[in-house]
Amino acid sequence: MLTQTTTRVLEPSDLGAALAILESEPVANAFVTSRVQVAGLDPWRLGGEMWGWYADGRLRSLCYSGANLVPICAGPEAVRAFADRARRAGRRCSSIVGPAEPTTQLWRLLEPSWGPAREVRANQPLMVTESLAADVTPDPLVRRIRKDETEVLMPACVAMFTEEVGISPLAGDGGLLYQARVAELIGTGRSFARIDDGKVVFKAEIGAATSEACQIQGVWVAPEHRGKGLSETGMAAVLRYALADVAPIVSLYVNDYNTPARKAYRRVGFREVGAFMSVLF
């Protein structure tokens, strides 16, 4: 028997069904779930469209299409449908990111029309933890950043982004969107740093947060302080805040070639449970 499938842009009335899919994989979907829980499915509030793939009248898979293109709980048939829709719409995103298997397939289908990419990071280990390692002492000087410290933090944020992504977040709109995002994280108490003599030594943010899981991002140590163990003690401090105040599971994903970071995260208590992939334009 042939399965009847279709793909369409979801509407606010589809919120319950969409959340059921998102919440079925709370760690992998934390980024999109956190946005949908706050903004719903209205494209203006969400910052993009949510595509749904239906099989026999039931919503089975999602794909977020905004600044990022993110396949969600998508098998091969759903990925093909999302790729067809993305190809017809044309590229509007700055990256494709998601679990490695569907993202690999999605990029394979889109590369002939969307390529070449600026960079493809095919294997980014996904790491999680529910507890802090007992033998790592959190840095007591790492704390939440206050709103009046935004200008102190911003150079470190720009340096981290440029180093990680390869382009400055100040390009294009002069950094207005990026500065707004940094301010949002500070305002919600999800930006952390150690500041010595007016300069950021270590920083990290809790970028996505739901009641089930949260995701640490933007981990950065000032170049002159690297190799001193600050990534371990600083991450331990952020992890302690995250587990106590945000969610019972904390995750992050890291580039596979960043061996020192992977080692530091394992020492703090993280373990690898899967892999993400990022395609950067």
# chains A, B, ... in the order shown; residues from 1 in each chain; ligands from 1
$ closest_atom_pairs --of "region 86-115 of chain A" --to "region 247-262 of chain A" --cutoff "12 Å" --atoms "only C-alpha atoms" --output "CSV"
residue,atom,partner,partner_atom,distance
A:Val97,CA,A:Tyr253,CA,11.2
A:Gly98,CA,A:Tyr253,CA,10.4
A:Pro99,CA,A:Tyr253,CA,10.4
A:Ala100,CA,A:Tyr253,CA,11.4
$ write_last_selection --atoms "N, CA and C atoms" --output "CSV table (one decimal), in the first residue's frame"
chain,number,residue,atom,x,y,z
A,97,VAL,N,22.1,23.0,9.9
A,97,VAL,CA,22.6,22.4,11.1
A,97,VAL,C,21.6,21.4,11.7
A,98,GLY,N,22.1,20.3,12.2
A,98,GLY,CA,21.2,19.3,12.8
A,98,GLY,C,21.9,18.0,13.1
A,99,PRO,N,21.2,17.0,13.5
A,99,PRO,CA,21.7,15.7,13.7
A,99,PRO,C,22.4,15.2,12.4
A,100,ALA,N,23.6,14.6,12.5
A,100,ALA,CA,24.5,14.4,11.4
A,100,ALA,C,23.8,13.6,10.2
$ select_by_dssp --residues "region 17-203 of chain A" --states "strand (DSSP E or B)" --output "ChimeraX atom specification"
/A:49-55,58-65,68-72,95-99,119-129,143-144,191-196,199-203
$ closest_residue --among "A:Ile195, A:Ala78, A:Ile216, A:Ala86" --to "Tyr54 (chain A)" --atoms "only C-alpha atoms"
A:Ala78
$ closest_atom_pairs --of "region 61-131 of chain A" --to "region 38-47 of chain A" --cutoff "10 Å" --atoms "only C-alpha atoms" --output "JSON lines"
{"residue": "A:Tyr64", "atom": "CA", "partner": "A:Leu46", "partner_atom": "CA", "distance": 9.5}
{"residue": "A:Ser65", "atom": "CA", "partner": "A:Gly47", "partner_atom": "CA", "distance": 8.6}
{"residue": "A:Gly66", "atom": "CA", "partner": "A:Gly47", "partner_atom": "CA", "distance": 5.9}
{"residue": "A:Ala67", "atom": "CA", "partner": "A:Gly47", "partner_atom": "CA", "distance": 7.6}
{"residue": "A:Asn68", "atom": "CA", "partner": "A:Gly47", "partner_atom": "CA", "distance": 9.9}
$ closest_residue --among "A:Glu77, A:Asp197, A:Asp245, A:Glu49" --to "Gln4 (chain A)" --atoms "only C-alpha atoms"
A:Glu77
$ closest_residue --among "A:Arg271, A:Arg118, A:Arg240, A:Arg35" --to "Ser94 (chain A)" --atoms "only C-alpha atoms"
A:Arg118
$ residues_around --residues "Leu22 (chain A)" --least-positions-apart "6" --cutoff "10 Å" --atoms "only C-alpha atoms" --output "VMD selection string"
chain A and resid 16 28 to 34 36 61 to 62 72 to 73
$ closest_atom_pairs --of "region 125-154 of chain A" --to "region 225-231 of chain A" --cutoff "12 Å" --atoms "only C-alpha atoms" --output "Markdown table"
| residue | atom | partner | partner_atom | distance |
| --- | --- | --- | --- | --- |
| A:Val136 | CA | A:Gly229 | CA | 10.2 |
| A:Thr137 | CA | A:Leu230 | CA | 10.7 |
| A:Pro138 | CA | A:Leu230 | CA | 9.5 |
| A:Asp139 | CA | A:Leu230 | CA | 7.9 |
| A:Pro140 | CA | A:Leu230 | CA | 11.4 |
| A:Leu141 | CA | A:Leu230 | CA | 10.8 |
| A:Val142 | CA | A:Leu230 | CA | 10.1 |
$ closest_residue --among "A:Phe270, A:Arg60, A:Gly166, A:Arg8" --to "Ser131 (chain A)" --atoms "only C-alpha atoms"
A:Phe270
$ select_by_dssp --residues "region 107-242 of chain A" --states "helix (DSSP H, G or I)" --output "PyMOL selection string"
chain A and resi 107-114+147-165+171-174+176-187+223-225+230-242
$ closest_atom_pairs --of "region 124-169 of chain A" --to "region 177-186 of chain A" --cutoff "12 Å" --atoms "only C-alpha atoms" --output "CSV"
residue,atom,partner,partner_atom,distance
A:Arg143,CA,A:Ile186,CA,11.3
A:Arg144,CA,A:Ile186,CA,7.8
A:Ile145,CA,A:Ile186,CA,6.1
A:Arg146,CA,A:Ile186,CA,6.6
A:Lys147,CA,A:Ile186,CA,6.2
A:Asp148,CA,A:Ile186,CA,9.6
A:Glu149,CA,A:Ile186,CA,9.0
A:Thr150,CA,A:Ala183,CA,7.0
A:Glu151,CA,A:Gln179,CA,9.8
A:Val152,CA,A:Val182,CA,11.8
A:Leu153,CA,A:Val182,CA,8.9
A:Met154,CA,A:Gln179,CA,7.7
A:Pro155,CA,A:Gln179,CA,10.6
A:Ala156,CA,A:Val182,CA,11.0
A:Cys157,CA,A:Val182,CA,7.9
A:Val158,CA,A:Tyr178,CA,8.8
A:Phe161,CA,A:Tyr178,CA,9.8
A:Thr162,CA,A:Tyr178,CA,11.9
A:Ser168,CA,A:Tyr178,CA,10.0
A:Pro169,CA,A:Tyr178,CA,6.3
$ residues_around --residues "Leu59 (chain A)" --least-positions-apart "5" --cutoff "8 Å" --atoms "only C-alpha atoms" --output "ChimeraX atom specification"
/A:17-18,52-54
$ write_last_selection --atoms "all heavy atoms" --output "PDB file, in the first residue's frame"
ATOM      1  N   ALA A  17       0.853  19.570  17.922  1.00  0.00           N
ATOM      2  CA  ALA A  17       1.447  18.453  17.192  1.00  0.00           C
ATOM      3  C   ALA A  17       2.937  18.673  16.970  1.00  0.00           C
ATOM      4  O   ALA A  17       3.740  17.735  17.065  1.00  0.00           O
ATOM      5  CB  ALA A  17       0.727  18.268  15.852  1.00  0.00           C
ATOM      6  N   ALA A  18       3.316  19.930  16.677  1.00  0.00           N
ATOM      7  CA  ALA A  18       4.732  20.233  16.474  1.00  0.00           C
ATOM      8  C   ALA A  18       5.527  20.026  17.758  1.00  0.00           C
ATOM      9  O   ALA A  18       6.624  19.447  17.747  1.00  0.00           O
ATOM     10  CB  ALA A  18       4.891  21.662  15.964  1.00  0.00           C
ATOM     11  N   GLY A  52       6.212  21.098   7.945  1.00  0.00           N
ATOM     12  CA  GLY A  52       5.796  19.814   8.472  1.00  0.00           C
ATOM     13  C   GLY A  52       5.680  18.786   7.366  1.00  0.00           C
ATOM     14  O   GLY A  52       5.200  19.098   6.271  1.00  0.00           O
ATOM     15  N   TRP A  53       6.116  17.576   7.628  1.00  0.00           N
ATOM     16  CA  TRP A  53       5.973  16.459   6.688  1.00  0.00           C
ATOM     17  C   TRP A  53       4.953  15.484   7.249  1.00  0.00           C
ATOM     18  O   TRP A  53       5.082  15.026   8.381  1.00  0.00           O
ATOM     19  CB  TRP A  53       7.311  15.768   6.471  1.00  0.00           C
ATOM     20  CG  TRP A  53       7.258  14.625   5.471  1.00  0.00           C
ATOM     21  CD1 TRP A  53       7.218  14.720   4.122  1.00  0.00           C
ATOM     22  CD2 TRP A  53       7.250  13.226   5.778  1.00  0.00           C
ATOM     23  NE1 TRP A  53       7.182  13.472   3.541  1.00  0.00           N
ATOM     24  CE2 TRP A  53       7.203  12.527   4.550  1.00  0.00           C
ATOM     25  CE3 TRP A  53       7.279  12.495   6.966  1.00  0.00           C
ATOM     26  CZ2 TRP A  53       7.189  11.133   4.470  1.00  0.00           C
ATOM     27  CZ3 TRP A  53       7.263  11.108   6.894  1.00  0.00           C
ATOM     28  CH2 TRP A  53       7.217  10.445   5.655  1.00  0.00           C
ATOM     29  N   TYR A  54       3.941  15.228   6.462  1.00  0.00           N
ATOM     30  CA  TYR A  54       2.831  14.374   6.887  1.00  0.00           C
ATOM     31  C   TYR A  54       2.853  13.055   6.127  1.00  0.00           C
ATOM     32  O   TYR A  54       3.111  13.029   4.915  1.00  0.00           O
ATOM     33  CB  TYR A  54       1.488  15.061   6.610  1.00  0.00           C
ATOM     34  CG  TYR A  54       1.192  16.232   7.514  1.00  0.00           C
ATOM     35  CD1 TYR A  54       1.786  17.473   7.291  1.00  0.00           C
ATOM     36  CD2 TYR A  54       0.313  16.105   8.587  1.00  0.00           C
ATOM     37  CE1 TYR A  54       1.515  18.555   8.110  1.00  0.00           C
ATOM     38  CE2 TYR A  54       0.034  17.186   9.409  1.00  0.00           C
ATOM     39  CZ  TYR A  54       0.634  18.397   9.170  1.00  0.00           C
ATOM     40  OH  TYR A  54       0.358  19.466   9.982  1.00  0.00           O
TER      41      TYR A  54
END
$ atom_distance --atom1 "CA of Ala236 (chain A)" --atom2 "CA of Ala204 (chain A)"
10.9 Å
